[in-house]
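Novice: For reference, the file coords_13.cif (mmCIF, C-alpha atoms) is included below:
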```cif
data_protein
loop_
_atom_site.label_atom_id
_atom_site.label_comp_id
_atom_site.auth_asym_id
_atom_site.auth_seq_id
_atom_site.Cartn_x
_atom_site.Cartn_y
_atom_site.Cartn_z
CA MET A 1 -42.93 -52.15 1.85
CA GLU A 2 -40.80 -49.45 3.45
CA SER A 3 -42.38 -46.10 4.17
CA MET A 4 -41.10 -43.01 2.42
CA GLY A 5 -39.73 -41.77 5.76
CA GLU A 6 -37.66 -44.94 6.16
CA VAL A 7 -36.31 -44.62 2.62
CA ILE A 8 -35.28 -40.98 3.23
CA LYS A 9 -33.69 -41.93 6.55
CA LYS A 10 -31.51 -44.52 4.82
CA LEU A 11 -30.39 -41.96 2.25
CA LEU A 12 -29.29 -39.48 4.91
CA PRO A 13 -25.73 -39.70 6.29
CA ASP A 14 -25.22 -41.28 9.70
CA ARG A 15 -26.04 -38.99 12.63
CA PHE A 16 -27.32 -36.34 10.24
CA ALA A 17 -29.69 -34.76 12.74
CA GLU A 18 -27.02 -34.69 15.43
CA ARG A 19 -24.50 -33.06 13.16
CA LYS A 20 -27.05 -30.55 11.88
CA LYS A 21 -27.86 -29.54 15.47
CA ALA A 22 -24.15 -29.10 16.23
CA LEU A 23 -23.80 -26.93 13.14
CA LEU A 24 -26.79 -24.82 14.12
CA ASP A 25 -25.37 -24.35 17.62
CA ARG A 26 -22.01 -23.30 16.21
CA ILE A 27 -23.62 -20.82 13.83
CA GLU A 28 -25.86 -19.41 16.55
CA LYS A 29 -22.88 -18.77 18.88
CA HIS A 30 -20.59 -17.34 16.21
CA PRO A 31 -19.64 -13.66 16.90
CA GLU A 32 -20.50 -12.62 13.36
CA VAL A 33 -23.99 -14.15 13.62
CA ILE A 34 -24.48 -12.48 17.00
CA ARG A 35 -23.62 -9.16 15.34
CA LEU A 36 -26.08 -9.82 12.50
CA ARG A 37 -28.87 -10.78 14.90
CA THR A 38 -28.21 -7.64 16.94
CA GLU A 39 -28.29 -5.36 13.88
CA TYR A 40 -31.08 -7.19 12.05
CA PRO A 41 -33.18 -8.92 14.74
CA GLU A 42 -36.14 -9.54 12.41
CA ALA A 43 -34.12 -10.69 9.41
CA VAL A 44 -32.01 -13.59 10.71
CA ASP A 45 -33.49 -17.07 10.93
CA ILE A 46 -30.76 -19.61 11.54
CA ASN A 47 -32.83 -22.64 10.50
CA ARG A 48 -33.96 -20.98 7.30
CA ASP A 49 -30.63 -19.33 6.50
CA ILE A 50 -28.25 -22.12 7.53
CA SER A 51 -26.63 -22.42 4.10
CA PRO A 52 -26.03 -18.72 3.31
CA LEU A 53 -25.00 -18.06 6.92
CA GLY A 54 -22.54 -20.96 6.79
CA ASN A 55 -21.00 -19.60 3.59
CA HIS A 56 -20.85 -16.09 5.04
CA ILE A 57 -19.13 -17.31 8.22
CA ALA A 58 -16.57 -19.31 6.25
CA CYS A 59 -15.71 -16.25 4.18
CA PHE A 60 -15.67 -14.07 7.31
CA GLU A 61 -13.23 -16.40 9.11
CA HIS A 62 -10.91 -16.52 6.12
CA CYS A 63 -10.83 -12.72 6.07
CA GLN A 64 -10.19 -12.52 9.82
CA SER A 65 -6.99 -14.55 9.38
CA CYS A 66 -6.13 -13.13 5.96
CA PRO A 67 -2.66 -14.23 4.80
CA GLY A 68 -2.65 -11.60 2.05
CA LEU A 69 -4.14 -11.34 -1.41
CA ASN A 70 -1.94 -14.05 -2.91
CA GLY A 71 -2.93 -16.53 -0.21
CA CYS A 72 -6.65 -15.68 -0.06
CA LEU A 73 -8.66 -18.79 0.91
CA ASN A 74 -12.06 -17.55 -0.25
CA GLU A 75 -13.73 -19.19 -3.25
CA PHE A 76 -13.39 -15.90 -5.10
CA PRO A 77 -9.98 -14.53 -4.04
CA GLY A 78 -9.96 -10.89 -3.04
CA HIS A 79 -13.68 -10.81 -2.21
CA LEU A 80 -15.49 -10.69 1.11
CA SER A 81 -19.07 -11.54 2.05
CA HIS A 82 -21.30 -8.56 2.82
CA GLU A 83 -24.86 -8.57 4.09
CA GLU A 84 -27.76 -6.54 2.72
CA LEU A 85 -31.42 -6.38 3.68
CA HIS A 86 -33.73 -7.97 1.14
CA PRO A 87 -35.72 -5.17 -0.55
CA THR A 88 -39.11 -6.76 0.15
CA LEU A 89 -38.66 -9.66 2.59
CA PRO A 90 -37.51 -9.65 6.25
CA GLN A 91 -34.29 -11.52 5.54
CA LEU A 92 -30.67 -10.91 4.61
CA ILE A 93 -28.95 -11.33 1.26
CA PHE A 94 -25.23 -12.07 1.22
CA ARG A 95 -23.24 -10.66 -1.67
CA LEU A 96 -19.56 -10.71 -2.54
CA LYS A 97 -17.64 -7.48 -2.90
CA LYS A 98 -13.99 -6.66 -3.44
CA CYS A 99 -11.94 -6.49 -0.26
CA PRO A 100 -9.72 -3.45 0.51
CA LYS A 101 -6.57 -5.38 -0.40
CA LEU A 102 -7.86 -6.25 -3.87
CA MET A 103 -9.09 -2.70 -4.45
CA SER A 104 -5.71 -1.34 -3.33
CA TYR A 105 -3.91 -3.78 -5.64
CA GLU A 106 -6.07 -2.77 -8.60
CA ARG A 107 -5.53 0.92 -7.91
CA ARG A 108 -1.78 0.38 -7.73
CA GLN A 109 -1.87 -1.55 -11.00
CA VAL A 110 -3.67 1.32 -12.69
CA THR A 111 -1.21 3.84 -11.24
CA GLN A 112 1.86 1.85 -12.21
CA THR A 113 0.78 1.51 -15.83
CA ARG A 114 1.30 5.26 -16.10
CA ILE A 115 4.96 5.05 -15.08
CA LYS A 116 7.24 2.37 -16.43
CA SER A 117 10.42 3.57 -14.81
CA HIS A 118 9.80 2.36 -11.30
CA HIS A 119 11.46 -1.01 -12.24
CA VAL A 120 11.97 -1.95 -8.63
CA PRO A 121 13.42 -5.47 -8.17
CA ALA A 122 11.04 -8.17 -6.94
CA HIS A 123 12.92 -8.73 -3.68
CA ILE A 124 12.31 -5.07 -2.81
CA VAL A 125 8.69 -4.91 -3.95
CA GLY A 126 7.91 -8.06 -1.97
CA ALA A 127 9.74 -7.06 1.20
CA THR A 128 7.92 -7.15 4.54
CA PHE A 129 8.99 -6.02 7.99
CA GLU A 130 9.08 -9.67 9.06
CA ASP A 131 11.74 -10.31 6.40
CA LEU A 132 14.07 -7.54 7.56
CA GLU A 133 17.12 -8.32 9.64
CA MET A 134 16.88 -6.26 12.84
CA ASP A 135 20.58 -5.71 13.46
CA GLN A 136 21.77 -3.02 15.82
CA ASN A 137 22.67 -0.47 13.13
CA ARG A 138 19.21 -0.53 11.55
CA ARG A 139 16.92 -1.36 14.45
CA MET A 140 15.95 2.20 15.33
CA ALA A 141 15.27 3.18 11.71
CA ILE A 142 13.13 0.09 11.10
CA ALA A 143 11.24 0.65 14.36
CA GLU A 144 10.45 4.23 13.28
CA CYS A 145 9.18 2.93 9.94
CA VAL A 146 6.93 0.37 11.65
CA ASN A 147 5.61 3.14 13.91
CA PHE A 148 5.02 5.33 10.86
CA CYS A 149 2.83 2.62 9.29
CA SER A 150 0.92 1.86 12.49
CA SER A 151 0.11 5.53 13.06
CA TYR A 152 -0.76 6.29 9.45
CA GLU A 153 -4.36 7.38 8.92
CA GLN A 154 -5.77 8.12 5.51
CA GLY A 155 -6.80 11.72 5.08
CA LYS A 156 -4.73 12.96 8.03
CA SER A 157 -1.53 14.95 7.71
CA ILE A 158 1.61 13.10 8.73
CA LYS A 159 5.31 13.66 8.08
CA GLY A 160 7.04 11.47 5.54
CA LEU A 161 10.44 9.84 5.97
CA TYR A 162 13.93 10.47 4.62
CA LEU A 163 16.12 7.37 4.93
CA TYR A 164 19.79 7.89 4.18
CA GLY A 165 22.91 5.79 4.50
CA SER A 166 25.69 4.09 2.59
CA MET A 167 25.06 1.93 -0.46
CA GLY A 168 23.77 -1.57 0.20
CA VAL A 169 22.57 -1.12 3.78
CA GLY A 170 18.99 -2.02 2.83
CA LYS A 171 17.19 1.32 2.57
CA SER A 172 15.17 0.24 -0.47
CA ARG A 173 13.99 -2.99 1.16
CA ILE A 174 12.87 -1.05 4.23
CA VAL A 175 10.72 1.32 2.16
CA GLY A 176 9.51 -1.68 0.15
CA ALA A 177 8.22 -3.08 3.44
CA ILE A 178 6.53 0.26 4.14
CA ALA A 179 4.88 0.15 0.72
CA ASN A 180 3.52 -3.34 1.29
CA GLU A 181 2.31 -2.54 4.80
CA LEU A 182 0.45 0.58 3.66
CA ALA A 183 -0.95 -1.13 0.58
CA GLY A 184 -2.32 -3.85 2.83
CA MET A 185 -4.18 -1.11 4.70
CA GLY A 186 -5.84 0.02 1.49
CA VAL A 187 -3.44 2.93 0.88
CA ASP A 188 -2.38 3.78 -2.67
CA VAL A 189 1.43 3.64 -2.82
CA LEU A 190 3.78 4.23 -5.72
CA MET A 191 7.48 3.43 -5.45
CA VAL A 192 9.65 5.05 -8.10
CA TYR A 193 13.33 4.49 -8.79
CA VAL A 194 14.32 8.13 -9.32
CA PRO A 195 17.19 7.80 -11.87
CA ASP A 196 15.03 5.73 -14.25
CA PHE A 197 12.05 8.00 -13.81
CA LEU A 198 14.01 11.15 -14.65
CA GLU A 199 15.31 9.50 -17.80
CA GLU A 200 11.81 8.44 -18.79
CA VAL A 201 10.43 11.92 -18.27
CA LYS A 202 13.07 13.32 -20.61
CA ASP A 203 12.13 10.73 -23.22
CA SER A 204 8.47 11.71 -22.81
CA ILE A 205 9.05 15.22 -24.11
CA GLU A 206 8.79 13.92 -27.68
CA THR A 207 5.47 12.19 -27.00
CA ASN A 208 4.06 15.15 -25.04
CA ASP A 209 3.42 12.83 -22.08
CA VAL A 210 5.38 14.65 -19.39
CA LYS A 211 2.35 16.19 -17.67
CA SER A 212 0.49 12.88 -17.24
CA LYS A 213 3.57 11.26 -15.68
CA LEU A 214 4.08 14.13 -13.27
CA ASP A 215 0.38 14.22 -12.40
CA THR A 216 0.56 10.57 -11.35
CA LEU A 217 3.33 11.38 -8.88
CA ARG A 218 1.54 14.48 -7.67
CA GLU A 219 -1.74 12.71 -6.93
CA VAL A 220 -0.83 9.29 -5.51
CA GLU A 221 -1.54 9.07 -1.79
CA VAL A 222 1.96 7.94 -0.73
CA LEU A 223 4.93 8.42 -3.04
CA ILE A 224 8.26 6.69 -2.42
CA LEU A 225 11.23 8.21 -4.25
CA ASP A 226 13.98 5.62 -4.14
CA ASP A 227 17.64 6.58 -4.56
CA LEU A 228 17.23 10.33 -4.79
CA GLY A 229 20.66 11.80 -5.48
CA ALA A 230 21.93 8.90 -7.58
CA GLY A 231 23.14 9.88 -11.03
CA PRO A 232 23.60 13.30 -12.60
CA LEU A 233 20.86 15.90 -12.31
CA SER A 234 20.09 18.70 -14.76
CA SER A 235 18.54 22.03 -13.95
CA TRP A 236 15.50 21.00 -16.02
CA THR A 237 14.84 17.77 -14.10
CA ARG A 238 15.39 19.67 -10.85
CA ASP A 239 13.26 22.74 -11.60
CA ASP A 240 10.60 21.33 -13.95
CA VAL A 241 10.20 17.78 -12.66
CA LEU A 242 11.14 17.42 -8.98
CA SER A 243 10.16 20.90 -7.88
CA PRO A 244 6.55 20.95 -9.18
CA VAL A 245 5.89 17.40 -7.96
CA LEU A 246 7.10 18.18 -4.44
CA HIS A 247 5.37 21.57 -4.41
CA ARG A 248 1.99 19.88 -4.95
CA ARG A 249 2.65 17.17 -2.36
CA MET A 250 4.43 18.95 0.46
CA GLU A 251 1.51 19.86 2.73
CA SER A 252 -1.20 17.40 1.76
CA LYS A 253 0.40 14.10 0.74
CA VAL A 254 3.11 11.88 2.19
CA THR A 255 6.43 11.46 0.43
CA ILE A 256 9.14 9.00 1.49
CA TYR A 257 12.72 9.18 0.24
CA THR A 258 15.81 7.00 0.23
CA SER A 259 19.23 8.39 -0.56
CA ASN A 260 22.93 7.78 -0.11
CA LEU A 261 23.15 11.48 0.77
CA SER A 262 22.50 13.21 4.07
CA ILE A 263 20.18 16.22 4.03
CA SER A 264 23.10 18.67 3.76
CA GLU A 265 24.72 16.59 1.02
CA LEU A 266 21.42 16.51 -0.85
CA GLN A 267 21.32 20.30 -0.95
CA ASN A 268 24.80 20.41 -2.49
CA TYR A 269 23.71 17.80 -5.03
CA LEU A 270 20.72 19.93 -6.02
CA ILE A 271 22.93 22.99 -6.45
CA ASN A 272 25.67 21.36 -8.50
CA VAL A 273 23.63 20.23 -11.50
CA LYS A 274 25.51 18.95 -14.51
CA ASP A 275 24.72 22.04 -16.61
CA LEU A 276 26.09 24.48 -14.03
CA LYS A 277 29.04 25.67 -16.08
CA ASP A 278 28.97 29.39 -15.59
CA GLN A 279 29.53 30.23 -11.91
CA ARG A 280 27.88 33.59 -12.43
CA PHE A 281 24.55 31.73 -12.27
CA ARG A 282 25.43 29.74 -9.18
CA LYS A 283 23.34 31.97 -6.89
CA GLN A 284 20.18 31.20 -8.85
CA HIS A 285 20.95 27.48 -8.65
CA GLU A 286 21.39 27.81 -4.89
CA ILE A 287 18.00 29.53 -4.62
CA ASN A 288 16.31 26.80 -6.67
CA ALA A 289 17.97 24.07 -4.61
CA ILE A 290 16.89 25.68 -1.35
CA ARG A 291 13.35 25.93 -2.71
CA ILE A 292 13.29 22.15 -3.19
CA MET A 293 14.86 21.54 0.22
CA ASP A 294 12.06 23.64 1.72
CA ARG A 295 9.66 21.15 0.14
CA ILE A 296 11.48 18.15 1.58
CA GLU A 297 13.16 18.80 4.95
CA PRO A 298 10.23 20.29 6.95
CA PHE A 299 7.93 17.47 5.85
CA VAL A 300 10.03 14.41 6.71
CA LYS A 301 11.55 12.66 9.67
CA VAL A 302 15.20 11.99 8.88
CA LEU A 303 16.44 8.45 9.66
CA ASN A 304 19.97 7.18 9.33
CA VAL A 305 20.28 3.56 8.20
CA GLY A 306 23.60 2.01 9.11
CA GLY A 307 25.17 -1.40 8.87
CA ARG A 308 27.15 -3.46 6.40
CA ASN A 309 26.82 -3.55 2.64
CA ARG A 310 24.38 -6.45 2.23
CA ARG A 311 24.99 -6.64 -1.50
CA ARG A 312 28.39 -8.13 -0.71
CA ASP A 313 27.08 -10.85 1.60
#
```
Render the structure in this file as C-alpha cells.

Specialist:
Amino acid sequence: MESMGEVIKKLLPDRFAERKKALLDRIEKHPEVIRLRTEYPEAVDINRDISPLGNHIACFEHCQSCPGLNGCLNEFPGHLSHEELHPTLPQLIFRLKKCPKLMSYERRQVTQTRIKSHHVPAHIVGATFEDLEMDQNRRMAIAECVNFCSSYEQGKSIKGLYLYGSMGVGKSRIVGAIANELAGMGVDVLMVYVPDFLEEVKDSIETNDVKSKLDTLREVEVLILDDLGAGPLSSWTRDDVLSPVLHRRMESKVTIYTSNLSISELQNYLINVKDLKDQRFRKQHEINAIRIMDRIEPFVKVLNVGGRNRRRD
C-alpha cells in the first residue's frame, strides 16, 4: 500500500517544488517586495504570504505599465493593490482601492452631469498627443502644450493657454489631448463648447439653474473653453456668465481657451455684442470687455496654431 506522502506526491504537478522555489526567488527579488520588507521588516514572510504577495505583485506590475483605464489588466479594473498592517498580527493585509485614473474619471462624470452643453465630439474627447500630426505649422504650439502638462502641479499656480488660429487647424483636438493627459494625472478637467453652453445657460433661467451651472465652471480644477468667440454674444452672457466665471478663476484656477480670434480680435468681439444698438453706450461696453480681457490675457500663454484646414482633408 502506498504511503500518504507518495499519494500526495503523485497528485502534485511535475517539478512542483522546483517551480515553487523559482517563484519564491522571483518574489523575494521583486522591487515591490524589497520595498515592503524595508518598510515592514517584521510583517513580511514570503513563505507564509506567497499567495497574497503574488497577487499584489501582479496588480503592481499591471499598474506600472498601465495602458489607461479602458485597457486596465487588473481583475477589478481601475483598482490597485494597497498594503496595510494587520491590526493585531505582525503581517500585512492587501486591499484593493480605486486608482487615481478611476477616481479622476468618476469625478469628471459627476462634473459633466451638471453641464450638458459640452457635447464635444468623440474624436476630440479621445485625442492624445500621440495621435496629433506634428507638422511644421503646429509643432511649436503642441510642444508648448506638452510642456504645460508635464510641468502642471496640482495646487500650484500656473498660467493657462490661449490657442488661436483659423478654422479646422486642430485647436480642439490639441486641447482634447491636454484634457486627457491631465485627467490621467488625476486632475479634474471640464471641456465646454462655449456656444452650446451659453445657449444652455439662457435656457436655464426658467428652471432657476443658472447658478449651479456657473458654479461648476468656477470650481473645476482645469476648465477648457472651446471655440470662444464663435457665434453671437449678448451683453448678458458676457457680463453675467463669462465675467463672473473668469473672475473667480483668474488667480487660483487654470483656464484654457481655443478661438478663431486673436487676443485683439477677441476684445473687439466682446465689445460688439449683438444688443449694442445705441452707440451712446459703447463706452460702457468697452469697459466691460476690457474687464474680461483683464481676466484672460494676463493669465494665459498665447499660442498660434497654424496649418491647413483638416476638416477638408

Novice: Would you mind reading off the distance between CA of Leu303 (chain A) and CA of Glu144 (chain A), one decimal, in Å?

Specialist: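 About the pair CA of Leu303 (chain A) and CA of Glu144 (chain A): they are 8.2 Å apart.
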
Novice: Take the point (-21.1, -13.9, 11.5) as written in the file and pick out every residue within 6 Å of it, counting only C-alpha atoms; give the list as a list in words.

Specialist: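 Taken together, the residues in range are His30, Pro31, Glu32, Val33 and Ile57 of chain A.
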
Novice: Between A:Thr258, A:Lys274, A:Arg108, A:Gln284, which one has atoms that come closest to Gly168 (chain A), using all atoms listed in the file?

Specialist: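 Of the candidates, the smallest distance to Gly168 (chain A) is held by A:Thr258.
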
Novice: Under the PyMOL selection byres ((chain A and resi 197-204) around 10), which residues of this model are included? Write them out as a PyMOL selection string.

Specialist: chain A and resi 115-119+192-196+205-214+225+231+233-234+236-238+241-242

Novice: CA of Leu163 (chain A) and CA of Leu246 (chain A), how far apart in Å?

Specialist: 16.9 Å

Novice: Taking the file as I've supplied it (selection: the PyMOL selection byres ((chain A and resi 66) around 12)), which residues are included? Please answer as a list in words.

Specialist: Cys59, Phe60, Glu61, His62, Cys63, Gln64, Ser65, Pro67, Gly68, Leu69, Asn70, Gly71, Cys72, Leu73, Asn74, Pro77, Gly78, His79, Leu80, Cys99, Pro100, Lys101 and Gly184 of chain A

Novice: Got a sec: who's within 12 Å of region 264-267 of chain A, counting all atoms listed in the file, leaving out chain neighbours fewer than 5 positions off, as an MDAnalysis selection string?

Specialist: chainID A and resid 162 164:165 227:230 233 238 257:259 272:273 285:297 302

Novice: To one decimal place in Å, what is the distance between CA of Leu96 (chain A) and CA of Leu53 (chain A)?

Specialist: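 Interatomic distance, CA of Leu96 (chain A) to CA of Leu53 (chain A): 13.2 Å.
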
Novice: Name every residue that the PyMOL selection byres ((chain A and resi 130) around 12) selects in this structure, writing the answer as a list in words with chains first and numbers rising.

Specialist: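 Against this file, the PyMOL selection byres ((chain A and resi 130) around 12) returns the residues Gly126, Ala127, Thr128, Phe129, Asp131, Leu132, Glu133, Met134, Ile142, Ala143, Val146, Arg173, Ile174, Gly176, Ala177, Ile178, Asn180 and Glu181 of chain A.
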
Novice: Counting only C-alpha atoms, what is within 9 Å of Arg218 (chain A), bar same-chain residues fewer than 4 positions away, as a PDB file with C-alpha atoms, in the coordinates of the input?

Specialist:
```
ATOM      1  CA  LYS A 213       3.570  11.260 -15.680  1.00  0.00           C
ATOM      2  CA  LEU A 214       4.080  14.130 -13.270  1.00  0.00           C
ATOM      3  CA  LEU A 223       4.930   8.420  -3.040  1.00  0.00           C
ATOM      4  CA  PRO A 244       6.550  20.950  -9.180  1.00  0.00           C
ATOM      5  CA  VAL A 245       5.890  17.400  -7.960  1.00  0.00           C
ATOM      6  CA  LEU A 246       7.100  18.180  -4.440  1.00  0.00           C
ATOM      7  CA  HIS A 247       5.370  21.570  -4.410  1.00  0.00           C
ATOM      8  CA  ARG A 248       1.990  19.880  -4.950  1.00  0.00           C
ATOM      9  CA  ARG A 249       2.650  17.170  -2.360  1.00  0.00           C
ATOM     10  CA  LYS A 253       0.400  14.100   0.740  1.00  0.00           C
TER      11      LYS A 253
END
```

Novice: Between A:Glu221, A:Met167, A:Asp49, A:Lys98, which one has atoms that come closest to Glu153 (chain A), using all atoms listed in the file?

Specialist: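 Distance minimum relative to Glu153 (chain A) lands on A:Glu221.
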